[in-house]
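Next up, upload-v9.csv (CSV, N, CA and C atoms):
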chain,number,residue,atom,x,y,z
A,15,GLU,N,115.9,95.9,90.2
A,15,GLU,CA,115.8,97.1,89.4
A,15,GLU,C,114.5,97.0,88.6
A,16,LEU,N,114.3,95.9,88.0
A,16,LEU,CA,113.1,95.7,87.1
A,16,LEU,C,111.8,95.9,88.0
A,17,VAL,N,111.8,95.2,89.1
A,17,VAL,CA,110.6,95.3,90.0
A,17,VAL,C,110.4,96.8,90.4
A,18,ARG,N,111.4,97.4,90.8
A,18,ARG,CA,111.3,98.8,91.3
A,18,ARG,C,110.8,99.7,90.1
A,19,ARG,N,111.2,99.5,88.9
A,19,ARG,CA,110.8,100.2,87.8
A,19,ARG,C,109.3,100.0,87.5
A,20,CYS,N,108.9,98.7,87.5
A,20,CYS,CA,107.5,98.3,87.3
A,20,CYS,C,106.6,98.9,88.3
A,21,TYR,N,107.0,98.8,89.6
A,21,TYR,CA,106.1,99.2,90.7
A,21,TYR,C,106.0,100.7,90.9
A,22,THR,N,106.7,101.5,90.1
A,22,THR,CA,106.6,103.0,90.2
A,22,THR,C,105.8,103.6,89.1
A,23,THR,N,105.1,102.8,88.3
A,23,THR,CA,104.3,103.3,87.2
A,23,THR,C,102.9,103.7,87.7
A,24,SER,N,102.3,104.6,86.9
A,24,SER,CA,100.9,105.0,87.3
A,24,SER,C,99.9,103.9,87.2
A,25,ARG,N,100.2,103.0,86.3
A,25,ARG,CA,99.3,101.8,86.1
A,25,ARG,C,99.3,101.0,87.3
A,26,VAL,N,100.4,100.8,88.0
A,26,VAL,CA,100.4,100.0,89.2
A,26,VAL,C,99.7,100.8,90.3
A,27,THR,N,99.9,102.1,90.4
A,27,THR,CA,99.2,102.9,91.4
A,27,THR,C,97.7,102.8,91.2
A,28,ARG,N,97.2,102.9,90.0
A,28,ARG,CA,95.8,102.8,89.8
A,28,ARG,C,95.3,101.4,90.2
A,29,GLY,N,96.1,100.4,89.8
A,29,GLY,CA,95.7,99.0,90.2
A,29,GLY,C,95.6,98.8,91.7
A,30,ALA,N,96.6,99.4,92.4
A,30,ALA,CA,96.6,99.3,93.9
A,30,ALA,C,95.4,100.0,94.5
A,31,LEU,N,95.1,101.1,94.0
A,31,LEU,CA,93.9,101.8,94.5
A,31,LEU,C,92.6,101.1,94.2
A,32,LEU,N,92.5,100.5,93.1
A,32,LEU,CA,91.3,99.6,92.8
A,32,LEU,C,91.3,98.4,93.7
A,33,GLU,N,92.4,97.8,93.9
A,33,GLU,CA,92.5,96.7,94.8
A,33,GLU,C,92.0,97.1,96.3
A,34,ILE,N,92.5,98.2,96.7
A,34,ILE,CA,92.1,98.6,98.1
A,34,ILE,C,90.6,99.0,98.1
A,35,ALA,N,90.1,99.6,97.1
A,35,ALA,CA,88.7,100.0,97.1
A,35,ALA,C,87.8,98.8,97.1
A,36,SER,N,88.2,97.7,96.5
A,36,SER,CA,87.4,96.5,96.4
A,36,SER,C,87.7,95.4,97.4
A,37,TYR,N,88.6,95.8,98.4
A,37,TYR,CA,89.0,94.8,99.4
A,37,TYR,C,87.9,94.2,100.1
A,38,GLY,N,86.9,95.0,100.6
A,38,GLY,CA,85.8,94.5,101.3
A,38,GLY,C,85.0,93.4,100.6
A,39,ALA,N,84.7,93.7,99.3
A,39,ALA,CA,83.9,92.8,98.5
A,39,ALA,C,84.7,91.5,98.2
A,40,VAL,N,86.0,91.6,98.0
A,40,VAL,CA,86.8,90.4,97.8
A,40,VAL,C,86.9,89.6,99.0
A,41,ALA,N,87.0,90.2,100.2
A,41,ALA,CA,87.1,89.5,101.5
A,41,ALA,C,85.7,88.8,101.7
A,42,ALA,N,84.6,89.4,101.4
A,42,ALA,CA,83.3,88.8,101.6
A,42,ALA,C,83.2,87.6,100.6
A,43,GLU,N,83.6,87.7,99.4
A,43,GLU,CA,83.6,86.6,98.5
A,43,GLU,C,84.4,85.4,99.0
A,44,LEU,N,85.6,85.7,99.5
A,44,LEU,CA,86.5,84.7,100.0
A,44,LEU,C,85.9,84.0,101.1
A,45,LEU,N,85.3,84.7,102.0
A,45,LEU,CA,84.6,84.1,103.2
A,45,LEU,C,83.5,83.1,102.7
A,46,ALA,N,82.7,83.6,101.7
A,46,ALA,CA,81.6,82.7,101.2
A,46,ALA,C,82.2,81.5,100.6
A,47,LEU,N,83.3,81.6,99.8
A,47,LEU,CA,83.9,80.4,99.2
A,47,LEU,C,84.5,79.5,100.3
A,48,ARG,N,85.1,80.0,101.3
A,48,ARG,CA,85.6,79.2,102.4
A,48,ARG,C,84.4,78.4,103.1
A,49,GLU,N,83.3,79.0,103.3
A,49,GLU,CA,82.1,78.3,103.9
A,49,GLU,C,81.6,77.3,103.0
A,50,ARG,N,81.6,77.5,101.7
A,50,ARG,CA,81.0,76.6,100.7
A,50,ARG,C,82.0,75.4,100.4
A,51,TYR,N,83.3,75.8,100.2
A,51,TYR,CA,84.3,74.8,99.8
A,51,TYR,C,85.4,74.8,100.9
A,52,GLU,N,85.3,73.9,101.9
A,52,GLU,CA,86.3,73.8,102.9
A,52,GLU,C,87.5,73.1,102.3
A,53,LEU,N,88.6,73.4,103.0
A,53,LEU,CA,89.9,72.7,102.6
A,53,LEU,C,89.7,71.3,103.0
A,54,PRO,N,90.2,70.4,102.2
A,54,PRO,CA,90.2,69.0,102.6
A,54,PRO,C,90.9,68.7,103.9
A,55,PRO,N,90.5,67.9,104.8
A,55,PRO,CA,91.2,67.6,106.0
A,55,PRO,C,92.6,67.1,105.7
A,56,GLY,N,93.6,67.7,106.4
A,56,GLY,CA,94.9,67.3,106.2
A,56,GLY,C,95.6,68.0,105.0
A,57,ALA,N,94.9,68.9,104.3
A,57,ALA,CA,95.6,69.6,103.2
A,57,ALA,C,96.8,70.4,103.8
A,58,PRO,N,97.9,70.3,103.1
A,58,PRO,CA,99.1,71.0,103.7
A,58,PRO,C,99.0,72.5,103.3
A,59,VAL,N,98.9,73.3,104.4
A,59,VAL,CA,98.8,74.8,104.2
A,59,VAL,C,99.8,75.4,105.1
A,60,THR,N,100.6,76.4,104.5
A,60,THR,CA,101.5,77.1,105.3
A,60,THR,C,101.3,78.6,105.0
A,61,VAL,N,101.2,79.4,106.0
A,61,VAL,CA,101.1,80.9,105.9
A,61,VAL,C,102.5,81.4,106.2
A,62,LEU,N,103.0,82.2,105.2
A,62,LEU,CA,104.3,82.8,105.3
A,62,LEU,C,104.0,84.3,105.6
A,63,ALA,N,104.7,84.9,106.6
A,63,ALA,CA,104.5,86.3,106.9
A,63,ALA,C,105.9,87.0,106.9
A,64,ALA,N,106.0,88.1,106.1
A,64,ALA,CA,107.2,88.9,106.1
A,64,ALA,C,107.2,89.7,107.3
A,65,THR,N,108.2,89.7,108.1
A,65,THR,CA,108.3,90.4,109.3
A,65,THR,C,108.4,91.9,109.1
A,66,ALA,N,108.7,92.4,107.9
A,66,ALA,CA,108.8,93.8,107.6
A,66,ALA,C,107.5,94.5,107.8
A,67,GLY,N,106.4,93.7,107.8
A,67,GLY,CA,105.0,94.3,107.9
A,67,GLY,C,104.7,94.7,109.3
A,68,GLY,N,105.6,94.4,110.3
A,68,GLY,CA,105.4,94.8,111.7
A,68,GLY,C,104.6,93.7,112.5
A,69,ARG,N,104.6,94.0,113.8
A,69,ARG,CA,104.0,93.0,114.7
A,69,ARG,C,102.5,92.8,114.4
A,70,ARG,N,101.7,93.9,114.1
A,70,ARG,CA,100.3,93.8,113.9
A,70,ARG,C,100.0,92.9,112.7
A,71,TRP,N,100.8,93.1,111.6
A,71,TRP,CA,100.6,92.3,110.4
A,71,TRP,C,100.9,90.8,110.7
A,72,THR,N,102.1,90.6,111.4
A,72,THR,CA,102.5,89.2,111.7
A,72,THR,C,101.4,88.5,112.6
A,73,ALA,N,100.8,89.3,113.5
A,73,ALA,CA,99.8,88.7,114.4
A,73,ALA,C,98.5,88.3,113.6
A,74,ARG,N,98.2,89.2,112.6
A,74,ARG,CA,97.0,88.9,111.8
A,74,ARG,C,97.3,87.7,110.9
A,75,GLN,N,98.5,87.5,110.4
A,75,GLN,CA,98.8,86.3,109.6
A,75,GLN,C,98.8,85.1,110.4
A,76,ARG,N,99.3,85.2,111.7
A,76,ARG,CA,99.2,84.0,112.6
A,76,ARG,C,97.8,83.6,112.9
A,77,MET,N,96.9,84.6,113.0
A,77,MET,CA,95.5,84.3,113.2
A,77,MET,C,94.9,83.6,111.9
A,78,LEU,N,95.3,84.0,110.8
A,78,LEU,CA,94.8,83.4,109.5
A,78,LEU,C,95.3,81.9,109.5
A,79,ALA,N,96.5,81.7,109.9
A,79,ALA,CA,97.0,80.3,110.0
A,79,ALA,C,96.2,79.5,110.9
A,80,LEU,N,95.9,80.0,112.1
A,80,LEU,CA,95.0,79.3,113.0
A,80,LEU,C,93.7,79.0,112.4
A,81,GLU,N,93.0,80.0,111.7
A,81,GLU,CA,91.7,79.7,111.1
A,81,GLU,C,91.8,78.6,110.1
A,82,LEU,N,92.9,78.5,109.4
A,82,LEU,CA,93.1,77.5,108.3
A,82,LEU,C,93.6,76.2,108.8
A,83,GLY,N,94.0,76.2,110.1
A,83,GLY,CA,94.7,75.0,110.6
A,83,GLY,C,96.0,74.8,109.9
A,84,ALA,N,96.7,75.9,109.6
A,84,ALA,CA,97.9,75.8,108.8
A,84,ALA,C,99.2,76.0,109.7
A,85,ARG,N,100.3,75.7,109.1
A,85,ARG,CA,101.6,76.0,109.7
A,85,ARG,C,101.8,77.5,109.5
A,86,PHE,N,102.6,78.1,110.4
A,86,PHE,CA,102.9,79.5,110.3
A,86,PHE,C,104.4,79.7,110.3
A,87,ARG,N,104.9,80.5,109.4
A,87,ARG,CA,106.3,80.8,109.4
A,87,ARG,C,106.5,82.3,109.2
A,88,GLU,N,107.4,82.9,110.0
A,88,GLU,CA,107.8,84.3,109.8
A,88,GLU,C,109.0,84.2,108.9
A,89,VAL,N,109.1,85.1,108.0
A,89,VAL,CA,110.2,85.1,107.1
A,89,VAL,C,110.9,86.5,107.2
A,90,THR,N,112.2,86.4,107.4
A,90,THR,CA,113.0,87.6,107.5
A,90,THR,C,114.4,87.4,106.9
A,91,PRO,N,114.9,88.4,106.3
A,91,PRO,CA,114.3,89.6,105.9
A,91,PRO,C,113.4,89.5,104.7
A,92,ALA,N,112.3,90.1,104.7
A,92,ALA,CA,111.4,90.0,103.6
A,92,ALA,C,110.4,91.2,103.8
A,93,GLY,N,109.9,91.7,102.6
A,93,GLY,CA,108.9,92.7,102.6
A,93,GLY,C,107.6,92.3,102.0
A,94,HIS,N,106.9,93.2,101.4
A,94,HIS,CA,105.6,92.9,100.8
A,94,HIS,C,105.6,91.9,99.7
A,95,LEU,N,106.7,91.9,98.9
A,95,LEU,CA,106.8,90.9,97.8
A,95,LEU,C,107.7,89.8,98.3
A,96,LEU,N,107.3,89.1,99.3
A,96,LEU,CA,108.0,88.0,99.9
A,96,LEU,C,108.6,87.0,98.9
A,97,MET,N,107.8,86.7,97.9
A,97,MET,CA,108.2,85.7,96.9
A,97,MET,C,109.4,86.2,96.1
A,98,LEU,N,109.6,87.5,96.0
A,98,LEU,CA,110.7,88.1,95.3
A,98,LEU,C,111.9,88.2,96.2
A,99,ASP,N,111.6,88.6,97.5
A,99,ASP,CA,112.6,88.8,98.5
A,99,ASP,C,113.3,87.5,98.9
A,100,ARG,N,112.4,86.5,99.1
A,100,ARG,CA,112.9,85.2,99.6
A,100,ARG,C,112.3,84.0,98.9
A,101,PRO,N,112.6,83.9,97.6
A,101,PRO,CA,112.1,82.7,96.9
A,101,PRO,C,112.5,81.4,97.5
A,102,ASP,N,113.6,81.4,98.3
A,102,ASP,CA,114.0,80.1,98.9
A,102,ASP,C,113.1,79.7,100.0
A,103,ALA,N,112.6,80.7,100.8
A,103,ALA,CA,111.6,80.4,101.9
A,103,ALA,C,110.3,79.9,101.3
A,104,VAL,N,109.9,80.5,100.2
A,104,VAL,CA,108.6,80.1,99.5
A,104,VAL,C,108.8,78.6,99.0
A,105,ALA,N,109.9,78.4,98.4
A,105,ALA,CA,110.2,77.0,97.9
A,105,ALA,C,110.2,76.0,99.0
A,106,ARG,N,110.8,76.3,100.1
A,106,ARG,CA,110.8,75.4,101.3
A,106,ARG,C,109.4,75.2,101.8
A,107,ALA,N,108.6,76.2,101.8
A,107,ALA,CA,107.2,76.1,102.3
A,107,ALA,C,106.4,75.1,101.3
A,108,VAL,N,106.6,75.3,100.0
A,108,VAL,CA,105.9,74.5,99.1
A,108,VAL,C,106.3,73.0,99.2
A,109,LEU,N,107.6,72.8,99.4
A,109,LEU,CA,108.1,71.5,99.5
A,109,LEU,C,107.9,70.9,100.9
A,110,GLY,N,107.5,71.7,101.9
A,110,GLY,CA,107.2,71.2,103.2
A,110,GLY,C,108.5,71.1,104.0
A,111,GLU,N,109.5,71.8,103.7
A,111,GLU,CA,110.8,71.8,104.4
A,111,GLU,C,110.9,73.0,105.3
A,112,ASP,N,111.6,72.8,106.4
A,112,ASP,CA,112.0,74.0,107.2
A,112,ASP,C,113.5,74.3,107.0
A,113,GLY,N,113.8,75.5,107.2
A,113,GLY,CA,115.2,75.9,107.1
A,113,GLY,C,115.5,77.3,107.6
A,114,PRO,N,116.7,77.7,107.4
A,114,PRO,CA,117.1,79.1,107.9
A,114,PRO,C,116.3,80.1,107.3
A,115,GLY,N,115.9,81.1,108.1
A,115,GLY,CA,115.1,82.2,107.5
A,115,GLY,C,113.6,82.0,107.6
A,116,ALA,N,113.2,80.8,107.9
A,116,ALA,CA,111.7,80.5,108.1
A,116,ALA,C,111.5,80.0,109.5
A,117,SER,N,111.2,81.0,110.4
A,117,SER,CA,111.1,80.6,111.8
A,117,SER,C,109.6,80.6,112.2
A,118,GLY,N,109.3,80.0,113.3
A,118,GLY,CA,107.9,80.0,113.8
A,118,GLY,C,107.5,78.7,114.2
A,119,GLU,N,106.4,78.6,114.9
A,119,GLU,CA,106.0,77.3,115.4
A,119,GLU,C,105.0,76.7,114.4
A,120,GLY,N,105.2,75.4,114.1
A,120,GLY,CA,104.2,74.7,113.3
A,120,GLY,C,102.8,74.7,114.0
A,121,LEU,N,101.8,74.9,113.3
A,121,LEU,CA,100.5,74.9,114.0
A,121,LEU,C,99.6,73.8,113.5
Can the structure in the file be given as structure tokens, please?
Amino acid sequence: ELVRRCYTTSRVTRGALLEIASYGAVAAELLALRERYELPPGAPVTVLAATAGGRRWTARQRMLALELGARFREVTPAGHLLMLDRPDAVARAVLGEDGPGASGEGL
């Protein structure tokens, strides 16, 4: 209920619009950072994708995992706020554990 109440305010709507408007610039900055500062070899990285985003979203997240040399996990049921919908799956990913609700092939 608290999340629903917070995310229906005009302040959040303005913030979301600003985030969308600056997405291209942020993506370019991130790309430049990745080129300058590579992840250390063997760094444990896992990409979690909420299946509620649809097949296209999941495929894009799988490609991100490939780019990063990361493990990939689909998490269901989960939506945009995966960390609130499925904190157990996030905790397992951080701890490097597999379990129910986190499916997918390790990459």
(message) Calculated over only C-alpha atoms, which of the candidates A:Glu33, A:Glu15, A:Glu81, A:Glu111 has the smallest distance to Leu98 (chain A)?
(response) A:Glu15
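Computed from the coordinates, the atom N of Asp99 (chain A) to atom N of Leu62 (chain A) distance equals 13.2 Å.
Going from atom N of Leu96 (chain A) over to atom C of Ala57 (chain A), you cover 21.9 Å.
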(message) Neighbouring residues of Met97 (chain A) were defined as those with any atom within 10 Å, considering only C-alpha atoms; residues of the same chain fewer than 6 positions away were excluded. Please report them as a list of chain:residue names.
(response) A:Leu62, A:Ala64, A:Ala103, A:Val104, A:Ala105
Restricted to N, CA and C atoms, what would the selected residues look like written as a compact mmCIF listing (two decimals), in the frame of the given file?
# COMPACT_ATOMS: atom_id res chain seq x y z
N LEU A 62 103.00 82.20 105.20
CA LEU A 62 104.30 82.80 105.30
C LEU A 62 104.00 84.30 105.60
N ALA A 64 106.00 88.10 106.10
CA ALA A 64 107.20 88.90 106.10
C ALA A 64 107.20 89.70 107.30
N ALA A 103 112.60 80.70 100.80
CA ALA A 103 111.60 80.40 101.90
C ALA A 103 110.30 79.90 101.30
N VAL A 104 109.90 80.50 100.20
CA VAL A 104 108.60 80.10 99.50
C VAL A 104 108.80 78.60 99.00
N ALA A 105 109.90 78.40 98.40
CA ALA A 105 110.20 77.00 97.90
C ALA A 105 110.20 76.00 99.00
(message) Given only N, CA and C atoms as the basis, pick out the residue of A:Arg106, A:Ala84, A:Glu43, A:Thr72 nearest to Thr60 (chain A).
(response) A:Ala84
(request) Work out how far atom C of Trp71 (chain A) is from atom C of Arg19 (chain A), in Å to one decimal. (result)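 Separating atom C of Arg19 (chain A) from atom C of Trp71 (chain A) is a distance of 26.3 Å.
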(request) Within chain A, find each residue whose DSSP state, derived from the backbone, is alpha helix (DSSP H), and express the selection as a PyMOL selection string. (result) chain A and resi 16-20+24-35+37-50+68-82+96-99+101-109
(message) Give me, as a PyMOL selection string, the residues of chain A that a backbone DSSP run labels strand (DSSP E or B).
(response) chain A and resi 60-64+85-89+116-117
(message) Considering all atoms listed in the file, can you say which of A:Gly93, A:Pro54, A:Gly83, A:Pro101 comes closest to Gly67 (chain A)?
(response) A:Gly93
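With all atoms listed in the file as the atoms that count, the minimum distance from Gln75 (chain A) to the choices A:Arg28, A:Arg87, A:Arg48, A:Arg100 is reached by A:Arg87.
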